[in-house]
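**Q** This one is protein-v7.txt, compact mmCIF, C-alpha atoms and all ligand atoms.
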```
# COMPACT_ATOMS: atom_id res chain seq x y z
CA MET R 23 86.48 92.20 -58.66
CA LYS R 24 89.02 93.95 -60.92
CA THR R 25 92.70 94.09 -60.02
CA ALA R 26 94.85 96.97 -61.26
CA ALA R 27 98.59 97.58 -61.25
CA VAL R 28 100.24 100.97 -60.75
CA ILE R 29 103.84 101.11 -61.96
CA VAL R 30 105.64 104.17 -60.62
CA ALA R 31 108.19 105.27 -63.18
CA ALA R 32 108.49 109.02 -62.65
CA GLY R 33 111.77 109.00 -60.69
CA ARG R 34 114.98 110.50 -62.05
CA GLY R 35 117.34 107.72 -60.95
CA ARG R 36 119.79 110.15 -59.34
CA ARG R 37 121.75 107.41 -57.54
CA VAL R 38 122.47 105.61 -60.82
CA GLY R 39 123.27 108.98 -62.41
CA GLY R 40 123.93 109.57 -66.11
CA PRO R 41 121.97 111.53 -68.70
CA VAL R 42 119.10 109.03 -69.12
CA PRO R 43 116.87 108.02 -66.15
CA LYS R 44 117.36 104.34 -65.36
CA GLN R 45 113.90 103.20 -66.52
CA TRP R 46 114.73 104.25 -70.09
CA ARG R 47 118.14 102.56 -70.15
CA MET R 48 118.58 99.25 -71.97
CA LEU R 49 118.73 95.95 -70.08
CA SER R 50 119.28 92.75 -72.10
CA GLY R 51 118.15 94.49 -75.26
CA ARG R 52 115.03 96.33 -74.01
CA ALA R 53 114.30 99.37 -71.88
CA VAL R 54 113.99 98.56 -68.17
CA LEU R 55 110.47 100.01 -68.32
CA ALA R 56 109.45 97.62 -71.13
CA TRP R 57 110.41 94.56 -69.06
CA THR R 58 108.54 95.82 -66.00
CA LEU R 59 105.44 96.85 -67.91
CA ASP R 60 105.21 93.50 -69.70
CA ALA R 61 105.63 91.58 -66.44
CA LEU R 62 102.60 93.32 -64.91
CA ARG R 63 100.30 93.93 -67.87
CA THR R 64 100.52 90.34 -69.17
CA HIS R 65 99.87 88.72 -65.79
CA PRO R 66 96.51 86.92 -65.95
CA GLY R 67 95.49 88.29 -62.53
CA ILE R 68 95.84 91.94 -63.60
CA ASP R 69 93.03 93.63 -65.53
CA LEU R 70 94.35 97.20 -65.90
CA THR R 71 97.79 98.78 -65.66
CA VAL R 72 98.60 102.42 -64.98
CA LEU R 73 102.07 103.61 -65.88
CA VAL R 74 103.08 106.76 -64.00
CA LEU R 75 105.69 108.77 -65.92
CA SER R 76 107.46 112.02 -65.17
CA PRO R 77 105.69 114.96 -66.88
CA ASP R 78 109.03 115.41 -68.73
CA ASP R 79 108.74 111.89 -70.19
CA MET R 80 105.11 111.96 -71.37
CA GLY R 81 106.35 112.32 -74.96
CA MET R 82 107.74 108.76 -74.74
CA ALA R 83 104.38 107.31 -73.63
CA ALA R 84 102.79 106.55 -77.00
CA GLY R 85 104.20 103.06 -77.65
CA TYR R 86 103.40 101.93 -74.12
CA ALA R 87 99.91 103.44 -73.92
CA ALA R 88 99.04 101.54 -77.11
CA HIS R 89 98.83 98.25 -75.22
CA GLU R 90 95.28 97.22 -74.39
CA GLY R 91 94.49 97.88 -70.73
CA VAL R 92 97.42 100.27 -70.21
CA THR R 93 97.01 103.97 -69.42
CA VAL R 94 99.74 106.51 -68.79
CA VAL R 95 99.44 109.37 -66.28
CA PRO R 96 101.90 112.04 -65.13
CA GLY R 97 103.52 111.58 -61.73
CA GLY R 98 104.72 113.93 -59.02
CA GLU R 99 107.83 115.15 -57.25
CA SER R 100 108.12 112.16 -54.88
CA ARG R 101 107.37 108.43 -55.11
CA SER R 102 104.31 108.94 -52.87
CA ALA R 103 103.01 111.74 -55.09
CA SER R 104 103.40 109.49 -58.14
CA VAL R 105 101.55 106.65 -56.40
CA ARG R 106 98.73 109.06 -55.49
CA ALA R 107 98.46 110.18 -59.13
CA GLY R 108 98.28 106.55 -60.29
CA LEU R 109 95.66 105.63 -57.70
CA ALA R 110 93.55 108.72 -58.43
CA SER R 111 93.41 107.77 -62.12
CA LEU R 112 91.80 104.46 -61.14
CA GLU R 113 89.03 105.96 -59.02
CA ASN R 114 85.46 105.05 -60.09
CA ARG R 115 86.68 102.33 -62.47
CA GLY R 116 85.43 99.36 -60.45
CA ILE R 117 88.84 98.44 -59.07
CA GLY R 118 88.80 96.15 -56.02
CA ARG R 119 92.54 95.56 -55.53
CA VAL R 120 95.68 97.33 -56.64
CA LEU R 121 99.33 96.28 -56.87
CA ILE R 122 101.85 99.12 -56.65
CA HIS R 123 105.22 98.37 -58.24
CA ASP R 124 108.53 100.16 -58.84
CA VAL R 125 109.55 100.36 -62.48
CA ALA R 126 113.07 99.76 -61.21
CA ARG R 127 112.25 96.09 -60.42
CA PRO R 128 112.10 94.61 -63.94
CA LEU R 129 112.78 91.03 -62.82
CA VAL R 130 109.56 90.59 -60.87
CA SER R 131 108.25 87.08 -61.60
CA PRO R 132 104.70 85.98 -62.44
CA ALA R 133 104.82 83.66 -59.41
CA LEU R 134 105.60 86.56 -57.06
CA ILE R 135 102.74 88.64 -58.49
CA THR R 136 100.43 85.64 -58.05
CA ARG R 137 101.50 85.26 -54.40
CA VAL R 138 100.71 88.91 -53.62
CA ILE R 139 97.28 88.70 -55.28
CA ALA R 140 96.49 85.44 -53.45
CA ALA R 141 97.46 86.94 -50.07
CA LEU R 142 94.95 89.77 -50.63
CA GLU R 143 92.16 87.20 -50.24
CA THR R 144 92.73 87.31 -46.47
CA ALA R 145 94.38 90.68 -45.73
CA SER R 146 93.80 94.29 -46.78
CA GLY R 147 97.50 94.55 -47.68
CA ALA R 148 100.20 92.10 -48.81
CA ALA R 149 103.78 92.77 -49.82
CA PRO R 150 106.87 90.71 -50.64
CA ALA R 151 109.95 90.84 -48.46
CA LEU R 152 113.06 88.84 -47.61
CA ALA R 153 114.20 88.23 -44.05
CA VAL R 154 117.53 89.89 -43.25
CA THR R 155 120.11 87.09 -42.98
CA ASP R 156 123.37 89.04 -42.64
CA ALA R 157 124.55 90.43 -39.30
CA LEU R 158 123.73 94.13 -38.88
CA TRP R 159 126.16 96.80 -37.70
CA THR R 160 126.13 100.49 -37.20
CA GLY R 161 129.19 102.36 -38.43
CA GLU R 162 130.73 105.77 -38.69
CA GLU R 163 133.72 107.03 -40.65
CA GLY R 164 134.65 103.51 -41.77
CA ARG R 165 134.57 101.96 -38.29
CA VAL R 166 132.01 99.66 -36.70
CA THR R 167 130.29 101.42 -33.82
CA GLY R 168 127.85 98.73 -32.73
CA THR R 169 125.64 95.79 -33.69
CA ARG R 170 121.89 95.40 -34.07
CA PRO R 171 119.73 92.28 -33.78
CA ARG R 172 118.51 91.09 -37.19
CA ALA R 173 115.61 89.00 -35.86
CA GLY R 174 112.29 90.19 -37.21
CA LEU R 175 113.84 92.51 -39.84
CA TYR R 176 112.85 92.32 -43.51
CA ARG R 177 114.01 93.85 -46.80
CA ALA R 178 110.88 95.24 -48.48
CA GLN R 179 110.11 94.68 -52.17
CA THR R 180 107.31 95.50 -54.56
CA PRO R 181 104.65 94.89 -55.89
CA GLN R 182 102.80 95.86 -52.74
CA GLY R 183 99.12 94.96 -52.96
CA PHE R 184 96.11 96.49 -51.23
CA ASP R 185 92.39 96.85 -51.10
CA PHE R 186 91.98 99.74 -53.54
CA THR R 187 89.62 101.94 -51.53
CA ALA R 188 91.65 101.48 -48.35
CA ILE R 189 95.04 102.40 -49.88
CA LEU R 190 93.60 105.37 -51.80
CA ALA R 191 92.15 106.75 -48.55
CA ALA R 192 95.40 105.97 -46.69
CA HIS R 193 97.51 107.84 -49.28
CA ARG R 194 95.16 110.83 -49.24
CA ALA R 195 95.28 111.01 -45.43
CA HIS R 196 99.06 110.55 -45.20
CA ARG R 197 101.15 113.55 -44.25
CA GLY R 198 104.79 113.77 -45.32
CA ASP R 199 106.75 111.32 -47.47
CA ALA R 200 106.97 107.56 -47.07
CA ALA R 201 109.53 104.97 -48.24
CA ASP R 202 106.80 102.74 -49.60
CA ASP R 203 103.08 102.03 -49.59
CA VAL R 204 103.26 99.61 -46.68
CA GLU R 205 104.42 102.54 -44.51
CA VAL R 206 101.36 104.51 -45.65
CA ALA R 207 99.08 101.51 -45.07
CA LEU R 208 100.41 100.87 -41.54
CA ALA R 209 99.94 104.54 -40.65
CA ALA R 210 96.28 104.13 -41.65
CA GLY R 211 95.91 101.01 -39.50
CA LEU R 212 95.72 98.48 -42.36
CA ASP R 213 96.72 94.88 -41.84
CA VAL R 214 99.63 93.92 -44.17
CA SER R 215 100.72 90.31 -44.75
CA ILE R 216 104.31 89.48 -45.66
CA VAL R 217 104.68 87.19 -48.67
CA GLU R 218 107.95 85.54 -49.68
CA GLY R 219 110.02 87.90 -51.85
CA GLU R 220 112.70 86.86 -54.35
CA GLU R 221 116.41 87.72 -54.47
CA ARG R 222 116.11 88.21 -58.21
CA ASN R 223 113.44 90.89 -57.71
CA LEU R 224 116.20 93.42 -57.05
CA LYS R 225 115.67 97.16 -57.40
CA ILE R 226 118.07 98.84 -59.80
CA THR R 227 119.31 101.58 -57.50
CA VAL R 228 123.00 102.14 -58.27
CA GLU R 229 125.05 101.62 -61.45
CA GLY R 230 126.32 98.18 -60.39
CA ASP R 231 122.75 96.87 -60.23
CA PHE R 232 122.51 97.01 -64.03
CA ALA R 233 125.20 94.33 -64.37
CA ARG R 234 123.57 92.21 -61.65
CA ALA R 235 120.15 92.51 -63.29
CA GLU R 236 121.61 91.66 -66.70
CA THR R 237 123.27 88.52 -65.30
CA LEU R 238 120.01 87.42 -63.69
CA MET R 239 118.05 88.23 -66.83
CA GLU R 240 120.39 86.18 -69.00
CA ALA R 241 120.49 83.27 -66.56
CA ARG R 242 116.76 83.09 -67.12
CA LEU R 243 117.00 83.37 -70.89
CA ASP R 244 114.55 80.65 -71.89
CA ILE R 245 113.38 81.02 -75.47
CA ARG R 246 110.82 78.57 -76.86
CA THR R 247 109.57 78.17 -80.39
CA GLY R 248 106.41 76.32 -81.36
CA ASN R 249 104.82 75.37 -84.64
CA GLY R 250 101.24 74.64 -85.56
CA PHE R 251 99.73 73.12 -88.69
CA ASP R 252 96.05 72.75 -89.59
CA VAL R 253 93.87 71.88 -92.57
CA HIS R 254 90.15 72.39 -93.15
CA ALA R 255 88.21 71.14 -96.19
CA PHE R 256 85.80 73.29 -98.17
CA GLU R 257 82.08 72.66 -98.18
CA GLU R 258 79.14 74.58 -99.56
CA GLY R 259 78.80 78.08 -98.20
CA ASP R 260 79.30 81.76 -98.84
CA HIS R 261 82.24 82.83 -96.64
CA VAL R 262 85.31 81.64 -94.78
CA THR R 263 86.58 82.89 -91.40
CA LEU R 264 90.35 83.40 -91.29
CA CYS R 265 92.10 84.94 -88.26
CA GLY R 266 88.67 86.08 -87.08
CA ILE R 267 87.90 87.96 -90.31
CA ASP R 268 84.93 86.88 -92.45
CA LEU R 269 85.85 86.80 -96.16
CA PRO R 270 83.08 86.40 -98.76
CA HIS R 271 83.81 83.24 -100.78
CA HIS R 272 81.92 80.78 -102.95
CA LYS R 273 82.69 78.01 -100.41
CA ALA R 274 82.89 77.68 -96.61
CA LEU R 275 85.36 75.79 -94.43
CA LYS R 276 84.05 72.68 -92.75
CA GLY R 277 84.72 72.12 -89.03
CA HIS R 278 83.27 71.58 -85.59
CA SER R 279 84.03 75.18 -84.59
CA ASP R 280 84.11 78.15 -86.99
CA ALA R 281 86.90 76.26 -88.84
CA ASP R 282 89.29 79.22 -88.63
CA VAL R 283 92.29 77.30 -89.89
CA GLY R 284 94.71 80.24 -89.42
CA MET R 285 93.78 80.88 -85.81
CA HIS R 286 93.93 77.15 -85.08
CA ALA R 287 97.51 76.93 -86.40
CA VAL R 288 98.59 79.89 -84.22
CA THR R 289 96.84 78.41 -81.19
CA ASP R 290 98.57 75.06 -81.69
CA ALA R 291 101.94 76.77 -82.13
CA ILE R 292 101.52 78.38 -78.68
CA TYR R 293 100.46 75.12 -77.04
CA GLY R 294 103.42 73.48 -78.77
CA ALA R 295 105.93 76.00 -77.41
CA LEU R 296 104.54 75.43 -73.92
CA ALA R 297 104.45 71.63 -74.44
CA GLU R 298 100.80 71.72 -73.43
CA GLY R 299 99.36 69.45 -76.10
CA ASP R 300 97.13 70.84 -78.82
CA ILE R 301 93.82 72.54 -79.43
CA GLY R 302 91.96 69.20 -79.47
CA ARG R 303 93.15 68.42 -75.94
CA HIS R 304 91.88 71.73 -74.54
CA PHE R 305 88.72 71.97 -76.66
CA PRO R 306 87.72 68.42 -77.71
CA PRO R 307 85.64 68.24 -80.92
CA SER R 308 83.62 65.56 -79.10
CA GLN R 309 82.18 68.30 -76.87
CA GLU R 310 78.99 69.83 -78.23
CA ARG R 311 79.66 73.19 -76.54
CA TRP R 312 82.46 73.98 -79.03
CA ARG R 313 80.17 73.52 -82.05
CA ASP R 314 80.40 76.67 -84.22
CA ALA R 315 82.52 78.30 -81.47
CA ALA R 316 84.52 81.39 -82.42
CA SER R 317 88.18 80.36 -82.53
CA GLU R 318 89.09 83.54 -80.64
CA ILE R 319 88.07 81.56 -77.52
CA PHE R 320 90.78 78.97 -78.25
CA LEU R 321 93.49 81.51 -79.05
CA SER R 322 92.65 83.60 -75.98
CA HIS R 323 93.03 80.52 -73.80
CA ALA R 324 96.43 79.67 -75.31
CA VAL R 325 97.54 83.31 -74.83
CA SER R 326 96.48 83.23 -71.16
CA ARG R 327 98.66 80.14 -70.68
CA ILE R 328 101.74 82.09 -71.89
CA ALA R 329 101.70 84.52 -68.96
CA ALA R 330 100.58 81.83 -66.52
CA ARG R 331 103.72 79.87 -67.41
CA GLY R 332 105.95 82.94 -67.03
CA PHE R 333 106.54 83.76 -70.71
CA THR R 334 105.82 86.62 -73.06
CA LEU R 335 104.92 86.19 -76.71
CA GLY R 336 107.75 87.40 -78.94
CA ASN R 337 106.15 87.01 -82.36
CA ILE R 338 103.65 85.14 -84.54
CA ASP R 339 104.36 84.13 -88.13
CA LEU R 340 101.42 82.58 -89.99
CA THR R 341 101.29 81.26 -93.56
CA LEU R 342 97.97 80.41 -95.20
CA ILE R 343 98.17 77.99 -98.13
CA CYS R 344 95.35 78.31 -100.65
CA GLU R 345 94.55 79.31 -104.22
CA THR R 346 91.44 81.27 -103.18
CA PRO R 347 90.31 83.40 -101.47
CA LYS R 348 93.10 85.93 -101.98
CA ILE R 349 94.61 86.68 -98.58
CA THR R 350 96.90 89.67 -99.15
CA PRO R 351 94.11 92.32 -99.35
CA HIS R 352 92.92 91.17 -95.90
CA ALA R 353 96.28 90.38 -94.28
CA GLN R 354 96.50 93.71 -92.44
CA GLU R 355 93.07 93.23 -90.84
CA MET R 356 94.05 89.68 -89.85
CA ARG R 357 97.31 90.92 -88.29
CA ASP R 358 95.39 93.58 -86.35
CA ASN R 359 92.99 91.00 -84.98
CA LEU R 360 95.69 88.49 -83.98
CA ALA R 361 97.73 91.29 -82.33
CA ARG R 362 94.66 92.41 -80.37
CA ILE R 363 93.90 88.92 -79.08
CA ALA R 364 97.55 88.16 -78.33
CA GLY R 365 98.13 91.53 -76.62
CA ILE R 366 101.27 92.27 -78.64
CA ASP R 367 102.30 94.99 -81.08
CA ILE R 368 101.31 94.51 -84.70
CA ASP R 369 104.94 94.57 -85.79
CA ARG R 370 105.30 91.22 -84.02
CA VAL R 371 102.54 89.59 -86.08
CA SER R 372 102.98 88.39 -89.65
CA VAL R 373 100.24 86.94 -91.86
CA LYS R 374 101.27 85.84 -95.33
CA ALA R 375 99.92 83.47 -97.96
CA THR R 376 101.10 81.20 -100.70
CA THR R 377 99.50 78.95 -103.27
CA SER R 378 100.71 75.40 -103.78
CA GLU R 379 101.11 75.95 -107.52
CA ARG R 380 97.81 74.11 -108.11
CA LEU R 381 99.34 70.93 -106.65
CA GLY R 382 97.70 68.79 -103.98
CA PHE R 383 94.44 69.41 -102.10
CA ALA R 384 95.06 73.14 -101.69
CA GLY R 385 95.92 73.41 -105.40
CA ARG R 386 92.70 71.64 -106.34
CA GLU R 387 90.82 74.07 -104.07
CA GLU R 388 89.56 71.32 -101.81
CA GLY R 389 90.57 73.15 -98.66
CA ILE R 390 92.97 75.54 -96.91
CA ALA R 391 96.11 74.68 -94.94
CA ALA R 392 97.85 76.92 -92.41
CA MET R 393 101.20 76.76 -90.68
CA ALA R 394 102.33 79.01 -87.85
CA SER R 395 105.41 79.61 -85.73
CA VAL R 396 105.62 81.52 -82.46
CA THR R 397 108.44 82.49 -80.13
CA LEU R 398 107.98 82.68 -76.37
CA VAL R 399 110.51 84.37 -74.10
CA ALA R 400 110.68 83.78 -70.34
CA SER R 401 109.61 86.99 -68.62
N1 LIG B 1 108.93 111.36 -58.12
C1 LIG B 1 109.06 110.05 -58.20
C2 LIG B 1 110.15 109.37 -57.59
C3 LIG B 1 110.25 108.00 -57.72
N2 LIG B 1 109.34 107.34 -58.45
C4 LIG B 1 109.47 105.89 -58.67
O1 LIG B 1 109.55 105.21 -57.42
C5 LIG B 1 110.42 104.10 -57.49
C6 LIG B 1 111.43 104.27 -56.39
O2 LIG B 1 112.68 103.76 -56.69
P1 LIG B 1 114.01 104.62 -56.68
O3 LIG B 1 115.11 103.63 -56.83
O4 LIG B 1 114.08 105.52 -55.51
O5 LIG B 1 113.88 105.46 -58.04
P2 LIG B 1 114.35 106.92 -58.36
O6 LIG B 1 113.59 107.90 -57.54
O7 LIG B 1 114.24 107.07 -59.84
O8 LIG B 1 115.88 106.88 -57.97
P3 LIG B 1 116.76 107.90 -57.11
O9 LIG B 1 116.14 107.90 -55.73
O10 LIG B 1 118.11 107.32 -57.15
O11 LIG B 1 116.65 109.25 -57.81
C7 LIG B 1 110.98 104.09 -58.92
O12 LIG B 1 110.24 103.18 -59.68
C8 LIG B 1 110.76 105.51 -59.38
O13 LIG B 1 110.63 105.68 -60.79
C9 LIG B 1 108.28 108.00 -59.03
O14 LIG B 1 107.46 107.39 -59.70
N3 LIG B 1 108.15 109.35 -58.88
C1 LIG B 2 109.34 100.68 -52.31
C2 LIG B 2 110.74 100.14 -52.25
O1 LIG B 2 111.09 99.52 -53.45
C3 LIG B 2 110.78 99.05 -51.19
O2 LIG B 2 112.00 98.46 -51.15
C4 LIG B 2 111.73 101.22 -51.96
O3 LIG B 2 111.53 101.70 -50.68
C5 LIG B 2 111.62 102.40 -52.94
O4 LIG B 2 112.83 102.96 -53.27
P1 LIG B 2 113.84 103.85 -52.37
O5 LIG B 2 115.18 103.34 -52.75
O6 LIG B 2 113.49 103.63 -50.93
O7 LIG B 2 113.62 105.25 -52.81
```
Can you present the structure in this file as structure tokens?
Ligand SMILES: Nc1ccn([C@@H]2O[C@H](COP(=O)(O)OP(=O)(O)OP(=O)(O)O)[C@@H](O)[C@H]2O)c(=O)n1
Ligand SMILES: C[C@](O)(CO)[C@H](O)COP(=O)(O)O
**A**
Amino acid sequence: MKTAAVIVAAGRGRRVGGPVPKQWRMLSGRAVLAWTLDALRTHPGIDLTVLVLSPDDMGMAAGYAAHEGVTVVPGGESRSASVRAGLASLENRGIGRVLIHDVARPLVSPALITRVIAALETASGAAPALAVTDALWTGEEGRVTGTRPRAGLYRAQTPQGFDFTAILAAHRAHRGDAADDVEVALAAGLDVSIVEGEERNLKITVEGDFARAETLMEARLDIRTGNGFDVHAFEEGDHVTLCGIDLPHHKALKGHSDADVGMHAVTDAIYGALAEGDIGRHFPPSQERWRDAASEIFLSHAVSRIAARGFTLGNIDLTLICETPKITPHAQEMRDNLARIAGIDIDRVSVKATTSERLGFAGREEGIAAMASVTLVAS
């Protein structure tokens, strides 16, 4: 069953004010929208992401729509209208569950998304919230006019998750506006579970929230680097596979899998940054099922571990060390392929090559070596 995310980002941020709507403003070096989109689209439990933008902002969509699995649709005049537009775009696409999230909550964690998805196993709706812990008053003109019991009250957050068909029908049947999708779901008689929310999953609503979000973002600044190194010897053959690209050559690379030395180095760099061992631990050469396997399987697994551990991939830098074949004419194709598998923009992927000045095994054309570095950033 496929799970989709709808990120509503068509609001104007009137309470924050200023000339630029809050989702386009910078937060710790990136647009708020970029943080939120990455948090949802890279989560391993989410297959498709719909970004709902104001019709006025559709011109800014290109860079975001370029991510695999992301589509951009125009929203409406209210939050509910934007949600309806996002849901409608997912109709007839085999979606079983949907998570609806405010763009204004860029600090949503992978663990919170996982909790919402897990709760949907047993309920048609699930949403994060925090119990109200402060005393509650009513007030008028600066004076307290009364108190209210706090027991049983919650502060609602997003992402709010639902059975797709049920929430689409509920939104279509709903009359008038609603604060959130849980309100729409309850009006339609759906059962909604409360999952534990997070203080850090704040909604940027007023100007002061930018400073709070920035402090939280920086407190979480966890940057990891990893390196990977691999060597494969030549044997008789007519091509080599490097970064998933087959290059005609008068020799082949010897290995248990497809011997893609470049992809192996990148894969090991990711495992290294996560301190999760190496490619041999995850895909032992002693296991027959990996014989002649395409190394894309290994890299895809390492990439899935990045999001599962709460990180995003910042960049890949790969150096291939060989006299032949010549790499530069194929480097662009290799970058494209690595970017596709890693789910990142091509300008974050570098593939370069060097010879070893005819010294050593690479210089004698006995094999190819590869070294890679990656950076992972906590998301
Ligand atoms: N027509 C609208 C209105 C709101 N939203 C989205 O719904 C969420 C609601 O959060 P809120 O803080 O209310 O955002 P804004 O509507 O942008 O803010 P304000 O109410 O201050 O104008 C935001 O992600 C916002 O972009 C939307 O997609 N379409
Ligand atoms: C959906 C929501 O984030 C739940 O807290 C919130 O209701 C949406 O924003 P608004 O401030 O109520 O417009």
**Q** Residues near Thr227 of chain R, anyone? I mean within 9 Å using all atoms listed in the file, not counting same-chain ones fewer than 6 positions away, as number ranges by chain.
**A** R: 35-38, 44, 126
**Q** Since we have the selection now, will you write its residues out, keeping C-alpha atoms, as a PDB file, keeping the file's coordinate frame?
**A**
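Ended up saving to result.pdb:
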```pdb
ATOM      1  CA  GLY R  35     117.340 107.720 -60.950  1.00  0.00           C
ATOM      2  CA  ARG R  36     119.790 110.150 -59.340  1.00  0.00           C
ATOM      3  CA  ARG R  37     121.750 107.410 -57.540  1.00  0.00           C
ATOM      4  CA  VAL R  38     122.470 105.610 -60.820  1.00  0.00           C
ATOM      5  CA  LYS R  44     117.360 104.340 -65.360  1.00  0.00           C
ATOM      6  CA  ALA R 126     113.070  99.760 -61.210  1.00  0.00           C
TER       7      ALA R 126
END
```
**Q** Please write out the residues within 7 Å of ligand LIG 1 (chain B) as a tab-separated table (two decimals) with C-alpha atoms, keeping the file's coordinate frame, counting only C-alpha atoms and all ligand atoms.
**A**
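Once everything was written out, this is selection.tsv:
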```tsv
chain	number	residue	atom	x	y	z
R	30	VAL	CA	105.64	104.17	-60.62
R	31	ALA	CA	108.19	105.27	-63.18
R	32	ALA	CA	108.49	109.02	-62.65
R	33	GLY	CA	111.77	109.00	-60.69
R	34	ARG	CA	114.98	110.50	-62.05
R	35	GLY	CA	117.34	107.72	-60.95
R	36	ARG	CA	119.79	110.15	-59.34
R	37	ARG	CA	121.75	107.41	-57.54
R	38	VAL	CA	122.47	105.61	-60.82
R	43	PRO	CA	116.87	108.02	-66.15
R	44	LYS	CA	117.36	104.34	-65.36
R	74	VAL	CA	103.08	106.76	-64.00
R	75	LEU	CA	105.69	108.77	-65.92
R	76	SER	CA	107.46	112.02	-65.17
R	97	GLY	CA	103.52	111.58	-61.73
R	98	GLY	CA	104.72	113.93	-59.02
R	99	GLU	CA	107.83	115.15	-57.25
R	100	SER	CA	108.12	112.16	-54.88
R	101	ARG	CA	107.37	108.43	-55.11
R	103	ALA	CA	103.01	111.74	-55.09
R	104	SER	CA	103.40	109.49	-58.14
R	105	VAL	CA	101.55	106.65	-56.40
R	124	ASP	CA	108.53	100.16	-58.84
R	125	VAL	CA	109.55	100.36	-62.48
R	126	ALA	CA	113.07	99.76	-61.21
R	225	LYS	CA	115.67	97.16	-57.40
R	226	ILE	CA	118.07	98.84	-59.80
R	227	THR	CA	119.31	101.58	-57.50
```
**Q** Would you list the contacts of Arg115 of chain R as a PyMOL selection string, taking every protein, DNA or RNA residue within 10 Å and counting all atoms listed in the file, but skipping same-chain residues closer than 6 positions in sequence?
**A** chain R and resi 24+26+70
**Q** So which residues are near ligand LIG 2 (chain B), meaning at most 7 Å away with only C-alpha atoms and all ligand atoms counted, given back as a PDB file with C-alpha atoms, keeping the file's coordinate frame?
**A**
```pdb
ATOM      1  CA  ASP R 124     108.530 100.160 -58.840  1.00  0.00           C
ATOM      2  CA  ARG R 177     114.010  93.850 -46.800  1.00  0.00           C
ATOM      3  CA  ALA R 178     110.880  95.240 -48.480  1.00  0.00           C
ATOM      4  CA  GLN R 179     110.110  94.680 -52.170  1.00  0.00           C
ATOM      5  CA  THR R 180     107.310  95.500 -54.560  1.00  0.00           C
ATOM      6  CA  ALA R 201     109.530 104.970 -48.240  1.00  0.00           C
ATOM      7  CA  ASP R 202     106.800 102.740 -49.600  1.00  0.00           C
ATOM      8  CA  ASP R 203     103.080 102.030 -49.590  1.00  0.00           C
ATOM      9  CA  LYS R 225     115.670  97.160 -57.400  1.00  0.00           C
ATOM     10  CA  THR R 227     119.310 101.580 -57.500  1.00  0.00           C
TER      11      THR R 227
END
```
**Q** Which one of R:Tyr293, R:His278, R:Asn359, R:Gly299 sits closest to Arg327 of chain R if you count only C-alpha atoms?
**A**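 Once distances to Arg327 of chain R are computed over only C-alpha atoms, the minimum belongs to R:Tyr293.
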**Q** Separation of atom CA of Asp69 of chain R and atom CA of Gln45 of chain R, in Å?
**A**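 Atom CA of Gln45 of chain R lies at a distance of 23.0 Å from atom CA of Asp69 of chain R.
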**Q** Counting all atoms listed in the file, what is within 9 Å of segment 133-141 of chain R, bar same-chain residues fewer than 4 positions away, as a ChimeraX atom specification?
**A** /R:25,61-62,65-67,119-121,145-150,181-184,215-220,223,330-332
**Q** Return as CSV the residues of segment 178-263 of chain R lying at most 12 Å from segment 345-352 of chain R, together with the closest atom-to-atom pair for each and the distance in Å to one decimal, counting all atoms listed in the file, with rows in chain order and ascending residue number.
**A**
```
residue,atom,partner,partner_atom,distance
R:Phe256,CA,R:Thr346,CA,11.0
R:Asp260,CA,R:Pro347,CA,11.4
R:His261,CA,R:Pro347,CA,9.4
R:Val262,CA,R:Pro347,CA,8.5
R:Thr263,CA,R:Pro347,CA,10.8
```
**Q** Hey, can you check how far atom CA of Arg311 of chain R sits from atom CA of Ala324 of chain R?
**A** 18.0 Å
**Q** Each residue of segment 208-306 of chain R with at least one atom at most 7 Å from segment 315-321 of chain R should appear once, together with its nearest atom pair and the corresponding distance in Å (one decimal); atoms considered: only C-alpha atoms; ordering: chain, then increasing residue number; output as a Markdown table.
**A**
```
| residue | atom | partner | partner_atom | distance |
| --- | --- | --- | --- | --- |
| R:Gly266 | CA | R:Glu318 | CA | 6.9 |
| R:Ser279 | CA | R:Ala315 | CA | 4.7 |
| R:Asp280 | CA | R:Ala316 | CA | 5.6 |
| R:Asp282 | CA | R:Ser317 | CA | 6.3 |
| R:Met285 | CA | R:Ser317 | CA | 6.5 |
| R:Thr289 | CA | R:Leu321 | CA | 5.0 |
```
**Q** Just the number, please: distance in Å from atom CA of Ser111 of chain R to atom CA of Ser131 of chain R, one decimal.
**A**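 One can read the atom CA of Ser111 of chain R to atom CA of Ser131 of chain R distance as 25.5 Å.
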**Q** Restricting the calculation to all atoms listed in the file: of R:Glu143, R:Glu229, R:Glu355, R:Asp339, which residue gets closest to Gly40 of chain R?
**A**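 Nearest candidate to Gly40 of chain R out of R:Glu143, R:Glu229, R:Glu355, R:Asp339: R:Glu229.
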**Q** Looking at R:Ser395, R:Trp312, R:Ala364, R:Asp244, which one is nearest to Ala287 of chain R, with distances taken over only C-alpha atoms?
**A**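 So, comparing all the options, the nearest one is R:Ser395.
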**Q** Measuring between all atoms listed in the file, which one of R:Leu335, R:Met356, R:Ile328, R:Ala392 shows the shortest distance to Gly284 of chain R?
**A** R:Ala392
**Q** Set up a box along x, y and z of the file covering all listed atoms of segment 152-164 of chain R, add 5 Å on every one of the six sides, and write the centre and edge lengths in Å to one decimal, as lines of an AutoDock Vina configuration file.
**A**
```
center_x = 123.9
center_y = 97.1
center_z = -42.4
size_x = 31.6
size_y = 29.9
size_z = 20.4
```
**Q** Counting only C-alpha atoms, which of R:Leu129, R:Val228, R:Leu73, R:Leu340 gets nearest to Gly248 of chain R?
**A**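 Under the stated criterion, the closest residue is R:Leu340.
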